[in-house]
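To start, the structure itself, in structure tokens.
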Amino acid sequence: MSSKGHASSKLTAKEVDECDALFYFMREHVQWIAGCVGEAPVKRALESGRLRIVCPPDGIPDPFFADDAFYGEVMELLKREVAWSLCEVLDR
């Protein structure tokens, strides 16, 4: 996979404060974000509804130690759920 035109960067409090939506999959992700940017921006994002969980009804299966096909299935599930969550945000 090529990384041309993309570089990772550390999430900032300003980005959390200015985002329209920020999605997470597990409660631990909220704690991780707070560890990176501080509690205050996370609290504001949660209270405003901009920090939103993506959680399919049956949960997200853990593909750890699974084969590539199962990883692909989990990725497709995550893509679908994020797209659905994004549509919710855009419709509000």
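So you can find residues: chains in the structure tokens are A, B, ... in the order shown, residues in each start at 1, and ligands are numbered from 1 in order.
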
Would you pick out the contacts of Phe25 in chain A at 7 Å or less, using only C-alpha atoms, so that residues sharing its chain but fewer than 6 positions from it are not included, and give the list as a VMD selection string? chain A and resid 53 to 55

ask   = Could you pull out the strand (DSSP E or B) residues of chain A from DSSP and send them as a VMD selection string?
value = chain A and resid 22 to 24 51 to 53

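The smallest atom-to-atom distance between Val74 in chain A and any of A:Ser48, A:Ile60, A:Cys87, A:Cys19, using only C-alpha atoms, is found for A:Ile60.
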
_Give me, as JSON, numbers by chain, all polymer residues having an atom no more than 8 Å from Leu22 in chain A, counting only C-alpha atoms and skipping those fewer than 5 positions away in the same chain._
{"A": [16, 50, 51, 52]}
